[in-house]
>>> print(open('upload_1.csv').read())   # CSV, C-alpha atoms
chain,number,residue,atom,x,y,z
N,1,MET,CA,-32.2,7.5,-5.8
N,2,ASP,CA,-32.5,4.4,-8.1
N,3,TYR,CA,-30.9,6.4,-10.9
N,4,ILE,CA,-28.0,7.5,-8.7
N,5,ILE,CA,-27.3,3.9,-7.6
N,6,ALA,CA,-27.5,2.6,-11.2
N,7,ALA,CA,-25.1,5.3,-12.3
N,8,GLY,CA,-22.7,4.5,-9.5
N,9,VAL,CA,-22.7,0.8,-10.4
N,10,PHE,CA,-22.0,1.6,-14.0
N,11,GLN,CA,-19.3,4.2,-13.1
N,12,SER,CA,-17.5,1.9,-10.7
N,13,ALA,CA,-17.5,-1.0,-13.2
N,14,ILE,CA,-16.0,1.3,-15.9
N,15,ALA,CA,-13.5,2.7,-13.4
N,16,VAL,CA,-12.3,-0.8,-12.4
N,17,ALA,CA,-11.9,-1.8,-16.0
N,18,LEU,CA,-10.0,1.3,-16.9
N,19,LEU,CA,-7.7,1.1,-13.9
N,20,TRP,CA,-7.0,-2.6,-14.5
N,21,LEU,CA,-6.2,-2.1,-18.2
N,22,ASN,CA,-4.0,1.0,-17.5
N,23,LYS,CA,-0.5,0.3,-18.7
N,24,LYS,CA,0.9,2.5,-15.9
N,25,ARG,CA,-0.8,0.3,-13.3
N,26,ASN,CA,1.5,-0.6,-10.4
N,27,ARG,CA,1.2,-2.5,-7.1
N,28,ASN,CA,0.0,0.5,-5.2
N,29,ASP,CA,-2.9,0.8,-7.6
N,30,THR,CA,-4.3,-2.6,-6.5
N,31,LEU,CA,-5.6,-0.9,-3.3
N,32,LEU,CA,-7.3,1.9,-5.4
N,33,ILE,CA,-8.8,-0.8,-7.7
N,34,THR,CA,-10.1,-2.6,-4.6
N,35,LEU,CA,-11.5,0.6,-3.2
N,36,VAL,CA,-13.4,1.3,-6.4
N,37,ALA,CA,-14.5,-2.3,-6.7
N,38,CYS,CA,-15.9,-2.2,-3.1
N,39,ILE,CA,-17.9,0.9,-4.0
N,40,GLY,CA,-19.3,-0.9,-7.0
N,41,VAL,CA,-20.2,-4.0,-4.9
N,42,HIS,CA,-21.8,-1.7,-2.2
N,43,LEU,CA,-23.9,0.1,-4.8
N,44,PHE,CA,-24.8,-3.1,-6.6
N,45,ALA,CA,-26.0,-4.6,-3.3
N,46,LYS,CA,-28.2,-1.5,-2.8
N,47,TRP,CA,-29.5,-1.7,-6.3
N,48,ILE,CA,-30.5,-5.3,-5.7
N,49,ILE,CA,-32.3,-4.4,-2.5
N,50,TYR,CA,-34.2,-1.5,-4.1
N,51,ALA,CA,-35.1,-3.7,-7.1
N,52,ILE,CA,-36.4,-6.9,-5.5
N,53,VAL,CA,-37.2,-6.1,-1.8
N,54,ASP,CA,-40.6,-4.5,-0.9
N,55,ASP,CA,-39.8,-4.2,2.8
N,56,LYS,CA,-39.4,-0.5,3.6
N,57,ASP,CA,-37.4,-1.2,6.7
N,58,VAL,CA,-34.9,-3.2,4.7
N,59,LYS,CA,-34.6,-0.6,2.0
N,60,LEU,CA,-33.9,2.2,4.4
N,61,ALA,CA,-32.1,0.5,7.3
N,62,MET,CA,-30.0,-2.3,5.8
N,63,ASN,CA,-26.4,-0.9,6.1
N,64,THR,CA,-24.0,-2.6,3.7
N,65,PHE,CA,-21.0,-4.0,5.7
N,66,ILE,CA,-18.5,-3.3,2.9
N,67,GLN,CA,-18.5,0.4,3.9
N,68,LEU,CA,-16.2,-0.6,6.7
N,69,ALA,CA,-13.4,-1.4,4.2
N,70,TYR,CA,-13.2,2.1,2.7
N,71,GLY,CA,-11.2,3.6,5.6
N,72,PRO,CA,-8.6,0.8,5.9
N,73,LEU,CA,-8.1,0.7,2.1
N,74,ILE,CA,-7.3,4.4,1.7
N,75,TYR,CA,-5.1,4.3,4.8
N,76,LEU,CA,-3.1,1.3,3.6
N,77,TYR,CA,-2.8,3.0,0.2
N,78,VAL,CA,-1.0,5.9,1.8
N,79,ARG,CA,1.0,3.6,4.1
N,80,LYS,CA,2.3,1.7,1.0
N,81,LEU,CA,3.2,4.9,-0.8
N,82,LYS,CA,5.1,6.0,2.3
N,83,ASP,CA,6.9,2.8,3.2
N,84,GLY,CA,6.9,0.9,0.0
N,85,TYR,CA,5.2,-2.2,1.5
N,86,ILE,CA,2.4,-3.2,3.9
N,87,LEU,CA,3.1,-5.4,6.9
N,88,PRO,CA,0.9,-8.5,7.3
N,89,ILE,CA,-0.2,-7.2,10.7
N,90,TYR,CA,-2.2,-4.5,9.0
N,91,THR,CA,-4.7,-7.2,7.8
N,92,ILE,CA,-6.2,-6.9,11.3
N,93,LEU,CA,-7.7,-3.6,10.0
N,94,PHE,CA,-10.2,-5.6,8.0
N,95,LEU,CA,-11.5,-7.6,11.1
N,96,PRO,CA,-14.5,-5.2,11.6
N,97,VAL,CA,-15.6,-5.6,8.0
N,98,THR,CA,-15.3,-9.4,8.3
N,99,ILE,CA,-17.4,-9.5,11.5
N,100,ALA,CA,-19.9,-7.1,10.0
N,101,ALA,CA,-20.2,-9.4,6.9
N,102,ILE,CA,-21.0,-12.4,9.1
N,103,VAL,CA,-23.6,-10.4,11.0
N,104,TYR,CA,-25.0,-9.0,7.8
N,105,PHE,CA,-25.7,-12.3,6.2
N,106,SER,CA,-27.0,-13.7,9.5
N,107,VAL,CA,-29.6,-10.9,9.5
N,108,VAL,CA,-30.5,-11.6,5.9
N,109,SER,CA,-31.1,-15.2,6.8
N,110,LEU,CA,-33.3,-14.3,9.7
N,111,LEU,CA,-35.3,-11.9,7.5
N,112,VAL,CA,-35.9,-14.7,5.1
N,113,PHE,CA,-36.8,-17.5,7.5
N,114,GLU,CA,-37.8,-15.7,10.7
N,115,PRO,CA,-39.1,-12.2,9.7
N,116,THR,CA,-40.2,-11.1,13.2
N,117,VAL,CA,-36.8,-11.9,14.8
N,118,GLY,CA,-35.1,-10.7,11.7
N,119,HIS,CA,-36.6,-7.2,11.9
N,120,SER,CA,-35.7,-6.8,15.6
N,121,THR,CA,-32.1,-8.0,14.8
N,122,LEU,CA,-32.0,-5.7,11.8
N,123,LYS,CA,-32.6,-2.7,14.0
N,124,VAL,CA,-29.8,-3.6,16.4
N,125,TYR,CA,-27.5,-4.3,13.5
N,126,ASN,CA,-28.3,-1.1,11.8
N,127,ASP,CA,-27.9,1.0,14.9
N,128,TRP,CA,-24.5,-0.4,15.8
N,129,SER,CA,-23.2,-0.5,12.2
N,130,THR,CA,-24.2,3.1,11.6
N,131,TYR,CA,-22.1,4.3,14.4
N,132,ILE,CA,-19.2,2.1,13.5
N,133,ILE,CA,-19.3,3.1,9.8
N,134,VAL,CA,-19.7,6.8,10.4
N,135,ILE,CA,-17.1,7.1,13.2
N,136,GLY,CA,-14.7,4.6,11.7
N,137,ASN,CA,-14.6,6.3,8.3
N,138,GLY,CA,-14.2,9.7,9.9
N,139,LEU,CA,-11.3,8.5,12.1
N,140,TYR,CA,-9.6,6.8,9.2
N,141,SER,CA,-9.9,10.1,7.2
N,142,VAL,CA,-8.2,12.1,9.9
N,143,VAL,CA,-5.5,9.5,10.5
N,144,THR,CA,-4.8,9.1,6.8
N,145,TYR,CA,-4.7,12.8,6.3
N,146,TYR,CA,-2.2,13.1,9.1
N,147,LEU,CA,0.0,10.3,7.6
N,148,LEU,CA,-0.3,12.0,4.2
N,149,LYS,CA,1.3,15.2,5.7
N,150,LYS,CA,4.3,13.1,6.6
N,151,CYS,CA,4.8,11.7,3.2
N,152,ASN,CA,6.9,13.0,0.3
N,153,LEU,CA,4.4,12.1,-2.5
N,154,LEU,CA,3.8,13.2,-6.0
N,155,LEU,CA,1.5,16.1,-6.2
N,156,ALA,CA,-1.2,14.0,-8.1
N,157,GLU,CA,-1.1,11.3,-5.4
N,158,TYR,CA,-1.3,13.8,-2.6
N,159,LYS,CA,-4.3,15.6,-4.1
N,160,LEU,CA,-6.1,12.4,-4.8
N,161,VAL,CA,-5.8,11.1,-1.2
N,162,GLN,CA,-6.6,14.5,0.2
N,163,GLN,CA,-9.8,14.8,-1.8
N,164,ILE,CA,-10.9,11.3,-0.8
N,165,CYS,CA,-10.2,12.0,2.8
N,166,TRP,CA,-12.2,15.3,2.6
N,167,ILE,CA,-15.1,13.4,1.0
N,168,PHE,CA,-15.3,10.8,3.7
N,169,LEU,CA,-14.8,13.4,6.5
N,170,SER,CA,-17.7,15.5,5.0
N,171,LEU,CA,-19.9,12.4,4.9
N,172,THR,CA,-19.1,11.7,8.5
N,173,VAL,CA,-20.0,15.3,9.5
N,174,LEU,CA,-23.3,15.1,7.5
N,175,SER,CA,-24.1,11.7,9.0
N,176,LEU,CA,-23.5,12.8,12.6
N,177,ALA,CA,-25.6,15.9,12.0
N,178,PHE,CA,-28.5,13.7,10.7
N,179,MET,CA,-28.2,11.4,13.7
N,180,LEU,CA,-28.4,14.4,16.1
N,181,ILE,CA,-31.4,16.0,14.5
N,182,ASN,CA,-33.1,12.7,13.6
N,183,GLY,CA,-34.4,14.1,10.3
N,184,GLY,CA,-36.6,11.1,9.4
N,185,ASN,CA,-36.9,9.1,6.2
N,186,GLN,CA,-36.8,12.0,3.8
N,187,ALA,CA,-33.6,13.3,5.3
N,188,LEU,CA,-32.1,9.8,5.3
N,189,ILE,CA,-32.9,9.4,1.6
N,190,LEU,CA,-31.3,12.7,0.9
N,191,LEU,CA,-28.2,11.8,2.9
N,192,ARG,CA,-27.8,8.5,1.0
N,193,CYS,CA,-28.2,10.3,-2.3
N,194,ILE,CA,-25.4,12.6,-1.3
N,195,ALA,CA,-23.2,9.6,-0.2
N,196,TYR,CA,-23.8,7.6,-3.3
N,197,THR,CA,-23.0,10.7,-5.5
N,198,MET,CA,-19.8,11.2,-3.5
N,199,PHE,CA,-18.9,7.5,-4.2
N,200,ILE,CA,-19.3,8.2,-7.9
N,201,VAL,CA,-17.0,11.2,-7.5
N,202,ILE,CA,-14.4,9.1,-5.8
N,203,CYS,CA,-14.4,6.7,-8.8
N,204,PHE,CA,-14.0,9.6,-11.2
N,205,LEU,CA,-11.1,11.1,-9.1
N,206,VAL,CA,-9.3,7.8,-9.2
N,207,VAL,CA,-9.6,7.3,-12.9
N,208,ARG,CA,-8.6,11.0,-13.5
N,209,TYR,CA,-5.6,10.5,-11.4
N,210,LYS,CA,-4.3,7.5,-13.5
N,211,TYR,CA,-5.3,8.8,-16.9
N,212,VAL,CA,-5.1,12.6,-16.6
N,213,SER,CA,-2.9,13.7,-13.7
N,214,GLY,CA,-0.1,11.3,-14.5
N,215,ILE,CA,2.7,10.3,-12.2
N,216,TYR,CA,5.3,12.8,-13.0
N,217,LEU,CA,4.1,15.9,-11.1
N,218,GLN,CA,6.5,16.3,-8.1
N,219,THR,CA,6.1,18.2,-4.8
N,220,GLU,CA,9.3,19.9,-3.9
N,221,THR,CA,8.8,22.4,-1.0
N,222,ASN,CA,5.1,22.5,-1.9
N,223,ALA,CA,5.9,24.0,-5.3
N,224,LYS,CA,3.9,22.9,-8.4
N,225,ASN,CA,6.9,22.2,-10.6
N,226,GLN,CA,7.4,19.2,-12.9
N,227,LEU,CA,10.7,17.4,-12.9
N,228,SER,CA,12.0,15.9,-16.1
N,229,GLN,CA,13.0,12.3,-16.4
N,230,GLN,CA,16.7,11.6,-15.6
N,231,VAL,CA,19.1,9.7,-17.7
N,232,LYS,CA,18.9,6.1,-16.5
N,233,ALA,CA,22.4,5.1,-17.5
N,234,GLU,CA,24.0,7.0,-14.5
N,235,GLU,CA,21.9,5.0,-12.1
N,236,ASN,CA,24.2,2.0,-12.1
N,237,GLN,CA,27.5,3.9,-12.0
N,238,GLU,CA,29.7,3.9,-8.9
N,239,CYS,CA,29.4,6.8,-6.5
N,240,ALA,CA,29.4,10.2,-8.2
N,241,HIS,CA,30.4,12.6,-5.4
N,242,ASP,CA,30.9,15.5,-7.7
N,243,ARG,CA,27.3,15.4,-9.0
N,244,LYS,CA,25.1,18.2,-7.8
N,245,SER,CA,22.5,17.0,-5.3
N,246,ILE,CA,18.9,17.6,-6.1
N,247,LEU,CA,17.7,16.4,-2.7
N,248,SER,CA,18.0,18.0,0.7
N,249,MET,CA,19.6,16.2,3.6
N,250,ASP,CA,16.2,15.6,5.2
N,251,GLN,CA,14.9,14.1,1.9
N,252,LEU,CA,18.1,11.9,1.6
N,253,ARG,CA,17.6,10.7,5.2
N,254,HIS,CA,13.9,9.9,4.6
N,255,PHE,CA,14.6,7.9,1.5
N,256,ALA,CA,17.5,6.2,3.2
N,257,GLU,CA,15.2,5.1,6.0
N,258,VAL,CA,12.6,3.9,3.5
N,259,LEU,CA,15.2,1.8,1.6
N,260,ASN,CA,16.7,0.3,4.7
N,261,THR,CA,13.4,-0.6,6.2
N,262,TYR,CA,12.2,-2.1,2.9
N,263,MET,CA,15.3,-4.2,2.5
N,264,GLN,CA,15.2,-5.4,6.1
N,265,ARG,CA,11.5,-6.2,6.1
N,266,THR,CA,11.2,-7.8,2.7
N,267,LYS,CA,14.7,-9.2,2.1
N,268,ALA,CA,14.1,-8.4,-1.6
N,269,TYR,CA,17.9,-8.8,-2.1
N,270,GLN,CA,17.4,-12.6,-2.0
N,271,ASP,CA,16.0,-12.4,-5.5
N,272,VAL,CA,18.9,-13.0,-7.8
N,273,ASP,CA,17.2,-10.8,-10.5
N,274,PHE,CA,16.6,-7.9,-8.1
N,275,ASN,CA,17.5,-4.6,-9.7
N,276,MET,CA,17.0,-0.8,-9.6
N,277,ASP,CA,13.7,-1.0,-11.5
N,278,LYS,CA,12.2,-3.4,-9.0
N,279,LEU,CA,13.4,-1.4,-6.0
N,280,SER,CA,11.9,1.8,-7.6
N,281,PHE,CA,8.7,-0.1,-8.3
N,282,ASP,CA,8.3,-1.5,-4.8
N,283,THR,CA,9.2,1.6,-2.9
N,284,ASN,CA,7.5,4.0,-5.2
N,285,ILE,CA,10.7,6.1,-5.3
N,286,SER,CA,12.1,7.2,-8.6
N,287,ARG,CA,15.3,5.7,-9.9
N,288,ARG,CA,16.9,9.1,-9.9
N,289,TYR,CA,16.1,9.6,-6.2
N,290,ILE,CA,17.3,6.1,-5.3
N,291,SER,CA,20.6,6.7,-7.1
N,292,GLU,CA,21.0,10.1,-5.4
N,293,THR,CA,20.4,8.6,-2.0
N,294,LEU,CA,22.8,5.7,-2.5
N,295,ASN,CA,25.5,7.8,-4.0
N,296,THR,CA,25.2,10.8,-1.7
N,297,TYR,CA,24.0,9.4,1.6
N,298,PHE,CA,25.3,5.8,1.6
N,299,LEU,CA,28.3,6.6,-0.6
N,300,LYS,CA,27.7,3.3,-2.4
N,301,SER,CA,26.6,2.0,-5.8
N,302,PHE,CA,23.3,0.1,-6.1
N,303,TYR,CA,25.0,-3.3,-6.3
N,304,GLN,CA,27.4,-2.6,-3.5
N,305,TYR,CA,24.4,-1.6,-1.4
N,306,ILE,CA,22.3,-4.8,-2.0
N,307,ASN,CA,25.3,-7.1,-1.9
N,308,GLU,CA,26.2,-5.9,1.5
N,309,TYR,CA,22.8,-7.1,2.6
N,310,ARG,CA,23.4,-10.4,0.9
N,311,ILE,CA,26.8,-10.9,2.6
N,312,ASP,CA,25.3,-10.0,6.0
N,313,GLU,CA,22.5,-12.6,5.4
N,314,PHE,CA,25.2,-15.1,4.4
N,315,LEU,CA,27.3,-14.4,7.5
N,316,GLN,CA,24.3,-14.8,9.8
N,317,GLU,CA,23.4,-18.2,8.3
N,318,LEU,CA,27.0,-19.2,8.3
N,319,ASN,CA,27.6,-18.3,12.0
N,320,ARG,CA,24.4,-20.1,12.9
N,321,ARG,CA,25.6,-23.3,11.2
N,322,ILE,CA,29.0,-23.0,12.7
N,323,GLU,CA,27.5,-22.7,16.2
N,324,ARG,CA,25.3,-25.7,15.7
N,325,ASP,CA,28.0,-27.7,13.9
N,326,LEU,CA,25.8,-28.1,10.8
N,327,GLU,CA,26.9,-29.0,7.3
N,328,ILE,CA,27.9,-25.9,5.3
N,329,ASN,CA,27.7,-25.5,1.6
N,330,MET,CA,28.8,-22.0,0.7
N,331,LEU,CA,27.6,-22.0,-2.9
N,332,ILE,CA,24.1,-23.1,-2.0
N,333,MET,CA,24.0,-20.5,0.8
N,334,ALA,CA,25.3,-17.8,-1.5
N,335,TYR,CA,22.5,-18.6,-4.1
N,336,GLN,CA,19.9,-18.5,-1.3
N,337,CYS,CA,21.2,-15.0,-0.3
N,338,GLY,CA,20.7,-13.6,-3.8
N,339,PHE,CA,24.0,-14.1,-5.6
N,340,LYS,CA,23.7,-15.3,-9.1
N,341,THR,CA,27.3,-16.6,-9.6
N,342,LYS,CA,30.1,-17.9,-7.5
N,343,SER,CA,32.6,-15.3,-8.8
N,344,SER,CA,30.4,-12.3,-7.8
N,345,PHE,CA,29.8,-13.9,-4.4
N,346,ASN,CA,33.6,-14.4,-3.8
N,347,GLN,CA,34.3,-10.9,-5.1
N,348,TYR,CA,31.9,-9.1,-2.8
N,349,PHE,CA,32.7,-11.3,0.2
N,350,LYS,CA,36.3,-10.4,0.1
N,351,LYS,CA,35.6,-6.8,-0.6
N,352,ILE,CA,33.2,-6.5,2.4
N,353,VAL,CA,34.6,-9.0,4.9
N,354,GLY,CA,38.3,-8.6,4.0
N,355,THR,CA,39.1,-12.2,3.3
N,356,THR,CA,37.9,-15.1,1.1
N,357,PRO,CA,34.9,-17.3,2.2
N,358,THR,CA,37.1,-20.3,2.6
N,359,ALA,CA,39.7,-18.5,4.7
N,360,TYR,CA,36.9,-17.1,6.9
N,361,ILE,CA,35.6,-20.7,7.5
N,362,LYS,CA,39.0,-22.2,8.2
N,363,LYS,CA,39.5,-19.8,11.0
N,364,ASN,CA,36.7,-21.6,12.8
N,365,GLU,CA,38.2,-25.0,12.0
N,366,ARG,CA,35.0,-26.5,10.6
N,367,ASN,CA,34.5,-28.9,7.7
N,368,VAL,CA,33.1,-27.1,4.7
N,369,SER,CA,31.4,-28.6,1.7
N,370,VAL,CA,32.3,-26.4,-1.3
>>> encode(input="upload_1.csv", output="C-alpha cells")
Amino acid sequence: MDYIIAAGVFQSAIAVALLWLNKKRNRNDTLLITLVACIGVHLFAKWIIYAIVDDKDVKLAMNTFIQLAYGPLIYLYVRKLKDGYILPIYTILFLPVTIAAIVYFSVVSLLVFEPTVGHSTLKVYNDWSTYIIVIGNGLYSVVTYYLLKKCNLLLAEYKLVQQICWIFLSLTVLSLAFMLINGGNQALILLRCIAYTMFIVICFLVVRYKYVSGIYLQTETNAKNQLSQQVKAEENQECAHDRKSILSMDQLRHFAEVLNTYMQRTKAYQDVDFNMDKLSFDTNISRRYISETLNTYFLKSFYQYINEYRIDEFLQELNRRIERDLEINMLIMAYQCGFKTKSSFNQYFKKIVGTTPTAYIKKNERNVSV
C-alpha cells in the first residue's frame, strides 16, 4: 500500500501543476484543482502516518478528515457549471470537514500527550467519521448525479462528473459491504488500496478532461456531435430576427433563466468593463448561445440587455434618495451602476424610461446635483 500512496501523492502533485498551468483554465476549474489538491493532501497525510508512526491502530484507524470535502467540491463544481456562480450560503457544506479537522487534530494531540485517552478517543472518532465519510460521499454522489441530469453541459464535462460520481458511489458500496461483513484488517487494507487507486484515477480523469477531451464537445439531444466555433463579430450586433435559431425554446428559456439569475445575484453589470466575454466566462455559456438567447428570446442586443439592468439599479437608488430627501448626484450614481460615460447613460435612460434623467427628477420637485 505504501507504493500506491506514494504514487497517488506524486500523481496529484503533477495533476495540480498541470491544471494550474493550463492556458484554458477558468474559474470553474478552481474547484477541480481544489479536489485534486485535497486528494494529494489526504494521501500525503497517510504517507506520513505510514512512514513515521509505529502504532498499528493509528495506521489502520486514523481516518483523514479531508475526505469530507470531496463530496461538496464535486457538487459545487456542477452547481457552478449549471448556474454560473456559487452562493455564499453553500460554504456551510464545508462545516462537517471543519469540525472533523478540529476533532482530528485534538485526537492527534491526545495520542501524543495522553496515549491511553488518545486511543479510546481515536476509536470513537474513527467509528463516527467512517459512517459520515462513507454515507456523506455516497449521498453527494447521488445528489450531484441528479443535478448533472438537469444541466446542459458539454459532453466532456458531463462524462468527467459522471465518472467521478460513479467512483465515489462504488467506494461507498464497497465500504458499506466491508462494514457489514466486518472483514478484518486484511480486508480493510484491500479496501484502502482500492480507494487510493481510485483517487489516482480521479486525478488522471481531471487532467485528461482539460488536456485531451477539450471544451468544445457539445451535447445536443444526447448526440456526440461537435459544433464549430461561431463568428464573434455577430455577437454584438442588434437583434437578428431573421437568423436561423440553433437552440430549442426549452434551451433558450433555460439560458435566459441562467443569465437573469446571474445578473440579479452578482450585479455584474456594475462593472464598467463588463462585456460578452466576461458574461460567457462567468456563466460557462458560449458567446454564440448567449447571443442567440438575447436576440431570439429577449429580443435585445447585449448592451441593451445589461444597460436595462443598470438603469433599473439607478432608478431604485434614485427613488430611495428621493423618498429620504437625500442629495442626488446623477453622474456618480450612473458610474456606480456601471455606465462608463455620461452620454451613454443619458442615451439609454431616455431610451428605456422615455424621458431625460433631469426631466425625470424635476417631476419630483427635488434639488439635484448634476
>>> residues_around(input="upload_1.csv", residues="Tyr3 (chain N)", least_positions_apart="4", cutoff="10 Å", atoms="all atoms listed in the file", output="list of chain:residue names")
N:Ala7, N:Gly8, N:Val9, N:Trp47, N:Cys193
>>> residues_around(input="upload_1.csv", residues="region 13-20 of chain N", least_positions_apart="5", cutoff="12 Å", atoms="only C-alpha atoms", output="MDAnalysis selection string")
chainID N and resid 6:8 25:44 199:211
>>> residues_around(input="upload_1.csv", residues="Gln336 (chain N)", least_positions_apart="6", cutoff="10 Å", atoms="all atoms listed in the file", output="JSON, numbers by chain")
{"N": [269, 270, 271, 272, 310, 313, 314, 330]}
>>> closest_atom_pairs(input="upload_1.csv", of="region 150-195 of chain N", to="region 126-145 of chain N", cutoff="7 Å", atoms="only C-alpha atoms", output="tab-separated table")
residue	atom	partner	partner_atom	distance
N:Gln162	CA	N:Tyr145	CA	6.6
N:Cys165	CA	N:Ser141	CA	4.8
N:Phe168	CA	N:Gly138	CA	6.4
N:Leu169	CA	N:Gly138	CA	5.1
N:Thr172	CA	N:Val134	CA	5.3
N:Ser175	CA	N:Val134	CA	6.7
>>> atom_distance(input="upload_1.csv", atom1="CA of Tyr297 (chain N)", atom2="CA of Met249 (chain N)")
8.3 Å
>>> closest_residue(input="upload_1.csv", among="N:Asn185, N:Gln304, N:Ser170, N:Thr283", to="Lys56 (chain N)", atoms="only C-alpha atoms")
N:Asn185
>>> residues_around(input="upload_1.csv", residues="Thr91 (chain N)", least_positions_apart="5", cutoff="10 Å", atoms="all atoms listed in the file", output="PyMOL selection string")
chain N and resi 72+76+86
>>> atom_distance(input="upload_1.csv", atom1="CA of Gly338 (chain N)", atom2="CA of Asn260 (chain N)")
16.8 Å
>>> residues_around(input="upload_1.csv", residues="Lys46 (chain N)", least_positions_apart="6", cutoff="10 Å", atoms="only C-alpha atoms", output="list in words")
Asp2, Ile5, Ala6, Val9, Gly40, Lys59, Leu60, Met62, Asn63 and Thr64 of chain N
>>> atom_distance(input="upload_1.csv", atom1="CA of Tyr85 (chain N)", atom2="CA of Arg265 (chain N)")
8.8 Å
>>> closest_residue(input="upload_1.csv", among="N:Ile285, N:Val161, N:Ile181, N:Ala45", to="Leu73 (chain N)", atoms="all atoms listed in the file")
N:Val161
>>> axis_aligned_box(input="upload_1.csv", around="region 131-135 of chain N", padding_each_side="8 Å", output="AutoDock Vina command-line options")
--center_x -19.6 --center_y 4.6 --center_z 12.1 --size_x 21.0 --size_y 21.0 --size_z 20.6
>>> residues_near_point(input="upload_1.csv", point="(26.6, 4.1, -2.3)", cutoff="9 Å", atoms="only C-alpha atoms", output="ChimeraX atom specification")
/N:238-240,291-305
>>> closest_residue(input="upload_1.csv", among="N:Ser120, N:Asn329, N:Gln163, N:Thr266", to="Val58 (chain N)", atoms="all atoms listed in the file")
N:Ser120
